[in-house]
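The structure under discussion appears below in the form of structure tokens.
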Amino acid sequence: MLTISGLSKVYPTGTAALKNVSFTVDEPKVVTIIGPSGAGKSTLIRCINRLVEPTSGRIVLDGVDILALNRRDLRKARRRMGMIFQEYNLVERLTVMENLLSGRLGYVGFWRTYRRKFPPEDLAAAFALLKRVGLSGYQSTRADALSGGERQRVGISRALMQQPDLLLVDEPTASLDPKTSRQIMRILVELAHERGTPALVNIHDVGLAQSFADRIIGLRGGEIVFDGPPERVTADVLTAIYGEEDWSTTIRRSDDETEKPDHRRSEGEDSLVRESLA
Amino acid sequence: MAASSSAQAGDALRWQRIRTIENPWVRQGLAALAVVYLAWSLTTLEINWTRVADGLPRAVNLVLRMFPPDFSRGSLLFRGTLESVQMALAASFFGMILAVPIGICGASNLVPKPVYLAARAFIILSRTFHEIIVAIFFVKIFGFGPLAGVLTLLVASTSFISKMLAEDIENMPPGQLEAIRATGASFPQLLVYCISPQALPRYLGVSIYRLDANIRHSTVVGIVGAGGIGQVLAASFSRYDYDFSLAILLTIISLVFLGEFFSNWVRNQLR
Amino acid sequence: MTASQHAAKHPEVWRRFSPRQTLLRYTWYLGVVAVAVWSISALDVAWFFFLDAHVQALDMATRMWPPELGYFRKVVGPLIETIHIATLGTVATVLVAFPVAFLASRNTTFNAVTWFIGRFILVASRSVNTVVWGLLFVAIFGPGPMAGIWAITFRSIGFLGKLVAEAIEEIDTGVVEAIEATGASRLQVLWIGVLPQVLPVIYGTTVYRWDINIRESSVLGFVGAGGIGIVLYAAINQFLWQEVTVILIAVFGVVILSEFVSAAVRRRIT
């Protein structure tokens, strides 16, 4: 599915943000990327859809060499990658529905965009997603009237509206309180598993990463220092990534299954609504 | 020990005002410079001081001749005012439209550098010269009458609105642009779906403000023959019809006042 | 009904605006276009002038080039006079605009009448263009820079006064209260409580207006109020286009310079 080989990025100031990064994602799993600030997590994510242009390397998504694409083909490629941002990045003055539909911009022409006349299948999908993330009835609310958690749910839905082959998630919970953070991660991981979409998720909270990830990649100084399942993240691993620290409280015991999302949950059920009613 | 503590005690009793310009040399130097400048300018200016001394009684005389304001030539006054308003409206409308492409090209976060520089150069150039100068040129090319006036105001409106628009776009939070680009949207889609909703309120507000400013400026372009009530005013002055002049001035003041009222109301509605 | 209510009634359909809102929007659009069309058509525009306009413009451009460099010497004196007019006019403005601004602010004025007078002075000053004031003062003082200085002053009072009045209305009233509580006189309250808070605005706005006044002063000569406008007007009327170019370049240079100075000073102040 996604193959990255020898990816490097050196900024004009001389800082080397990524050094020869290589890994492959060939299963529909949730891969979290952890590492200290400045380790290159954000740069890595943004190189994949070329919001940042890498200096060298190869990125191949489903057989397409991303770095060799011209502008028009890059746009087509971007449609297949859904991105979720730390600051939500919704268009503030537009309604929730319009923000959701902006996920389809790569698939509709200009005039439909201007007149906001999207195909009925897109509308149906939007309404279904709204229900799934627990925002039914919010379709005509302006985006800047929502709370942080609500905005991120819209952001997740927007990315999913693209029906992407890959989810790129940049610190989705950094601006949210701990409870909302867990809700968001849960929804993200459930939806990714339901649709069989692999996801690359930057996270700085190691606990969250371990609770929700199927695979963890540790980045430090632009290089990969760990790549494996969450159970293998020990105190030594964390020291290698972040440095010396008392890691005993951060590591989750591998038999603590209470927070793992329920893959068998049926579609259409609103996990968030159930949780808030509990 | 004793020496330093007494020095500190001495410092503790002194107090200094905080001035805008800290350095006393700079401050006093500037003050001296100001005095010198005043002396120099007043003496080198070719001011006929006797005439100026005459000026005050002349002013009183003039003001007396202005009262009461003469509204009798109502139709002329009305036609001139109407022409001014029409000029202002036309210039604002087309200025709004033209300002969109120029404003977009003037935003460094949207377009490549050469396009950006070209748009900015146009904006700076059109704002340098006073509208009277621009009006004279348009009169030379298009002849006397309101056409020259509309074009002059059009240039002024376009450059003003596009400058505001360009700055507004450049100040937009970059995250929103990034997100829409990441979905694979094209440039026109980006404009219509992200730039337009965010920039629209301020764009409309600035345009309405410009309408009001155009009414004020339309009075001036008339002095060089570019139509509007300014032409009527200049004529009245040259014919020493000062009571009519006052009537015209009062009309202009009320027009601008109403215009401001209207523009403030609309801008409040847009919030 | 609002868009949300419409959505609640028709959940399978989504519209950005309810039908009534859509109707309202289109009515506005139509209205604006109608007004624009009316304003263009009602103007007595000789449309055939557009046909040979490009020929005329090209003709004028060729006549204006190259600039006659010898004229630069002629231009220096009037340029300096222009700067004097702008500077002295701005200085005089500060002295007058300040008290007027106090009258025009709700929180420092004496009563409703003085507030209205203050506001009226500011509106009248702003409504009448600098050049029109120039016309008036040429009639009073005769042609020459004196008329120009008064014209600049009378126009700038409105500009400066309005911005300072807005600043005064936004000051921290707690500071004023505290000083009043000490038993200070009204003048002392203004001087210590209000003035320091609005001083940065006064400096900044004054420099900004000085910059604008340079532009305005350059054309005051058209009505005889001194400065380089006189030379420019004469050159245009005598069809000395190359001299015109020289004058325009000189004006351009001075305006750019004053913009630099004003931007630098304002950056240092705020």
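Just remember, in the structure tokens the first chain shown is A, the second B, etc., residues are 1-based per chain, and ligands are 1-based in the order shown.
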Which residues of chain A come within 7 Å of chain B, and for each one, what is the closest pair of atoms and their distance in Å to one decimal, counting only C-alpha atoms, sorted by chain and residue number, as a Markdown table?
| residue | atom | partner | partner_atom | distance |
| --- | --- | --- | --- | --- |
| A:Arg75 | CA | B:Gly184 | CA | 4.3 |
| A:Lys76 | CA | B:Gly184 | CA | 6.1 |
| A:Arg78 | CA | B:Gly184 | CA | 4.7 |
| A:Arg79 | CA | B:Gly184 | CA | 4.9 |
| A:Gly82 | CA | B:Thr183 | CA | 6.6 |
| A:Met83 | CA | B:Ala182 | CA | 6.6 |
| A:Asn89 | CA | B:Gln176 | CA | 4.6 |
| A:Leu90 | CA | B:Gln176 | CA | 5.9 |
| A:Val91 | CA | B:Gln176 | CA | 5.8 |
| A:Arg93 | CA | B:Pro197 | CA | 6.2 |
| A:Leu94 | CA | B:Pro197 | CA | 7.0 |
| A:Gly103 | CA | B:Thr183 | CA | 5.8 |
| A:Leu105 | CA | B:Ala185 | CA | 5.2 |
| A:Gly106 | CA | B:Gly184 | CA | 4.6 |
| A:Phe110 | CA | B:Gln189 | CA | 6.0 |
| A:Thr113 | CA | B:Gln189 | CA | 6.6 |
| A:Tyr114 | CA | B:Val192 | CA | 6.2 |
Handout entry: Polymer residues at most 9 Å from range 122-129 of chain B, only C-alpha atoms, same-chain spacing of 5 or more positions, as a PyMOL selection string
Key = (chain B and resi 102+106+117+134+155-156+158-160+162-163) or (chain C and resi 215+248+251-252+255-256)
Contacts of chain B with chain C up to 6 Å, shortest pair per row, only C-alpha atoms, as JSON lines:
{"residue": "B:Val52", "atom": "CA", "partner": "C:Phe141", "partner_atom": "CA", "distance": 5.6}
{"residue": "B:Gly55", "atom": "CA", "partner": "C:Phe141", "partner_atom": "CA", "distance": 4.9}
{"residue": "B:Arg58", "atom": "CA", "partner": "C:Ile140", "partner_atom": "CA", "distance": 5.7}
{"residue": "B:Ala59", "atom": "CA", "partner": "C:Ile140", "partner_atom": "CA", "distance": 5.3}
{"residue": "B:Gln86", "atom": "CA", "partner": "C:Ser39", "partner_atom": "CA", "distance": 4.6}
{"residue": "B:Ala90", "atom": "CA", "partner": "C:Ala36", "partner_atom": "CA", "distance": 5.6}
{"residue": "B:Ile141", "atom": "CA", "partner": "C:Gln56", "partner_atom": "CA", "distance": 5.7}
{"residue": "B:Phe142", "atom": "CA", "partner": "C:Phe49", "partner_atom": "CA", "distance": 5.7}
{"residue": "B:Leu147", "atom": "CA", "partner": "C:Val45", "partner_atom": "CA", "distance": 5.5}
{"residue": "B:Ile253", "atom": "CA", "partner": "C:Ser127", "partner_atom": "CA", "distance": 5.3}
{"residue": "B:Val256", "atom": "CA", "partner": "C:Ser127", "partner_atom": "CA", "distance": 5.9}
Exercise for the section: Please identify every residue of chain A that has at least one atom no more than 8 Å from any atom of chain C, counting only C-alpha atoms, and report them as a ChimeraX atom specification. Expected result: /A:95,116,123-124,137,139-141
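You can rank A:Arg104, A:Phe226, A:Asp236, A:Asn202 by their closest distance to Ile34 in chain A using only C-alpha atoms, and at the top of that list sits A:Asn202.
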Problem - All residues 10 Å or closer to Pro172 in chain A, only C-alpha atoms, same chain fewer than 5 positions away omitted, as a PyMOL selection string - result: chain A and resi 84-88+149+152-153+155-156+181+184-185+188+201-204
Restricting it to C-alpha atoms, dump the selection as a CSV table (one decimal), in the first residue's frame.
chain,number,residue,atom,x,y,z
A,84,ILE,CA,-6.6,15.4,9.7
A,85,PHE,CA,-4.9,18.3,11.5
A,86,GLN,CA,-4.0,19.3,15.0
A,87,GLU,CA,-5.7,22.7,14.7
A,88,TYR,CA,-8.7,21.1,12.9
A,149,GLY,CA,-13.8,18.0,20.2
A,152,GLN,CA,-12.1,17.5,15.3
A,153,ARG,CA,-15.0,15.1,14.6
A,155,GLY,CA,-12.2,17.1,10.6
A,156,ILE,CA,-12.2,13.4,10.8
A,181,SER,CA,-8.7,13.0,23.3
A,184,ILE,CA,-11.4,11.2,19.3
A,185,MET,CA,-8.8,8.5,19.1
A,188,LEU,CA,-10.7,7.6,14.5
A,201,VAL,CA,-1.1,9.1,13.2
A,202,ASN,CA,1.4,11.5,14.8
A,203,ILE,CA,1.0,11.5,18.5
A,204,HIS,CA,3.0,13.0,21.3
Problem - Test item, helix (DSSP H, G or I) assignment across range 141-223 of chain A, answer as a PyMOL selection string - result: chain A and resi 143-145+148-161+178-195+206-212
For the residues in that selection, give me N, CA and C atoms as a compact mmCIF listing (two decimals), in the first residue's frame.
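File part_22.txt, as written:
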# COMPACT_ATOMS: atom_id res chain seq x y z
N ALA A 143 -18.89 26.48 11.58
CA ALA A 143 -17.78 25.72 12.15
C ALA A 143 -17.17 26.40 13.37
N ASP A 144 -17.13 27.73 13.37
CA ASP A 144 -16.47 28.38 14.51
C ASP A 144 -17.35 28.42 15.75
N ALA A 145 -18.57 27.85 15.65
CA ALA A 145 -19.42 27.78 16.83
C ALA A 145 -19.25 26.47 17.59
N GLY A 148 -13.81 22.22 20.56
CA GLY A 148 -12.63 21.57 19.97
C GLY A 148 -12.89 20.13 19.56
N GLY A 149 -13.51 19.39 20.47
CA GLY A 149 -13.77 17.99 20.16
C GLY A 149 -14.72 17.86 18.98
N GLU A 150 -15.76 18.70 18.95
CA GLU A 150 -16.71 18.66 17.83
C GLU A 150 -16.02 19.00 16.53
N ARG A 151 -15.14 20.00 16.58
CA ARG A 151 -14.45 20.37 15.35
C ARG A 151 -13.58 19.25 14.83
N GLN A 152 -12.93 18.55 15.73
CA GLN A 152 -12.07 17.47 15.26
C GLN A 152 -12.89 16.34 14.68
N ARG A 153 -14.10 16.12 15.22
CA ARG A 153 -14.96 15.10 14.63
C ARG A 153 -15.34 15.48 13.21
N VAL A 154 -15.61 16.79 13.01
CA VAL A 154 -15.88 17.25 11.65
C VAL A 154 -14.65 17.04 10.79
N GLY A 155 -13.48 17.33 11.34
CA GLY A 155 -12.25 17.14 10.59
C GLY A 155 -12.05 15.70 10.17
N ILE A 156 -12.33 14.77 11.10
CA ILE A 156 -12.21 13.35 10.78
C ILE A 156 -13.20 13.00 9.68
N SER A 157 -14.44 13.47 9.82
CA SER A 157 -15.45 13.15 8.82
C SER A 157 -15.07 13.70 7.46
N ARG A 158 -14.52 14.91 7.45
CA ARG A 158 -14.11 15.49 6.17
C ARG A 158 -13.10 14.59 5.49
N ALA A 159 -12.11 14.12 6.26
CA ALA A 159 -11.10 13.26 5.68
C ALA A 159 -11.73 11.97 5.15
N LEU A 160 -12.69 11.44 5.89
CA LEU A 160 -13.31 10.18 5.46
C LEU A 160 -14.22 10.35 4.26
N MET A 161 -14.76 11.56 4.09
CA MET A 161 -15.61 11.82 2.92
C MET A 161 -14.84 11.60 1.63
N PRO A 178 -7.97 15.55 28.06
CA PRO A 178 -7.72 14.10 28.06
C PRO A 178 -8.93 13.26 27.70
N LYS A 179 -10.12 13.61 28.23
CA LYS A 179 -11.29 12.77 27.94
C LYS A 179 -11.65 12.86 26.46
N THR A 180 -11.71 14.10 25.94
CA THR A 180 -12.04 14.28 24.52
C THR A 180 -10.99 13.61 23.65
N SER A 181 -9.73 13.68 24.09
CA SER A 181 -8.67 13.03 23.32
C SER A 181 -8.97 11.56 23.13
N ARG A 182 -9.36 10.88 24.19
CA ARG A 182 -9.62 9.45 24.07
C ARG A 182 -10.83 9.21 23.17
N GLN A 183 -11.85 10.06 23.28
CA GLN A 183 -13.03 9.89 22.42
C GLN A 183 -12.63 10.00 20.96
N ILE A 184 -11.82 11.01 20.68
CA ILE A 184 -11.42 11.23 19.30
C ILE A 184 -10.59 10.06 18.78
N MET A 185 -9.64 9.62 19.57
CA MET A 185 -8.80 8.50 19.12
C MET A 185 -9.65 7.27 18.89
N ARG A 186 -10.62 7.06 19.78
CA ARG A 186 -11.47 5.88 19.63
C ARG A 186 -12.23 5.93 18.32
N ILE A 187 -12.85 7.08 18.07
CA ILE A 187 -13.64 7.22 16.85
C ILE A 187 -12.76 7.05 15.62
N LEU A 188 -11.57 7.65 15.68
CA LEU A 188 -10.66 7.59 14.54
C LEU A 188 -10.30 6.13 14.24
N VAL A 189 -9.91 5.42 15.28
CA VAL A 189 -9.44 4.05 15.08
C VAL A 189 -10.60 3.15 14.66
N GLU A 190 -11.77 3.33 15.26
CA GLU A 190 -12.92 2.52 14.86
C GLU A 190 -13.24 2.70 13.39
N LEU A 191 -13.30 3.97 12.98
CA LEU A 191 -13.65 4.25 11.59
C LEU A 191 -12.59 3.71 10.64
N ALA A 192 -11.33 3.86 11.01
CA ALA A 192 -10.27 3.36 10.14
C ALA A 192 -10.38 1.84 9.99
N HIS A 193 -10.64 1.16 11.07
CA HIS A 193 -10.77 -0.30 10.99
C HIS A 193 -12.00 -0.70 10.21
N GLU A 194 -13.12 0.00 10.44
CA GLU A 194 -14.36 -0.33 9.72
C GLU A 194 -14.16 -0.24 8.22
N ARG A 195 -13.45 0.79 7.80
CA ARG A 195 -13.32 0.99 6.36
C ARG A 195 -12.07 0.33 5.79
N VAL A 206 2.35 9.21 24.60
CA VAL A 206 2.73 7.80 24.43
C VAL A 206 1.62 6.87 24.91
N GLY A 207 0.97 7.25 25.98
CA GLY A 207 -0.11 6.41 26.51
C GLY A 207 -1.21 6.22 25.49
N LEU A 208 -1.63 7.29 24.88
CA LEU A 208 -2.66 7.21 23.84
C LEU A 208 -2.17 6.33 22.69
N ALA A 209 -0.93 6.55 22.31
CA ALA A 209 -0.39 5.78 21.20
C ALA A 209 -0.47 4.29 21.50
N GLN A 210 -0.05 3.92 22.69
CA GLN A 210 -0.05 2.50 23.02
C GLN A 210 -1.46 1.95 23.11
N SER A 211 -2.40 2.76 23.59
CA SER A 211 -3.76 2.25 23.77
C SER A 211 -4.43 1.97 22.45
N PHE A 212 -4.14 2.78 21.44
CA PHE A 212 -4.96 2.72 20.23
C PHE A 212 -4.22 2.20 19.01
Practice task
Enumerate, as a count of residues only, the complete set of residues in range 19-252 of chain A that a backbone-based DSSP assignment places in strand (DSSP E or B).
Solution key: 47
Practice task
Using only C-alpha atoms, determine which residues lie at most 12 Å from Cys47 in chain A, disregarding the query and same-chain residues fewer than 3 positions distant; provide the list as a VMD selection string.
Solution key: (chain A and resid 4 7 to 10 17 to 18 21 40 to 44 50 to 60 66 to 67 78 168 170) or (chain B and resid 182)
Problem - Selection: 7 Å around Pro230 in chain A, only C-alpha atoms, excl. self and same-chain fewer than 3 positions, as number ranges by chain - result: A: 210, 213-216, 233
Problem - Closest of A:Pro12, A:Ile241, A:Leu74, A:Leu100 to Ala128 in chain A - atom-to-atom distances counting only C-alpha atoms - result: A:Leu100
Problem - Residue neighbourhood range 95-101 of chain C, 8 Å, only C-alpha atoms, exclusion window fewer than 2 positions, as a ChimeraX atom specification - result: /C:91-93,103-105,118,121-122,157-158,160-162,164-165
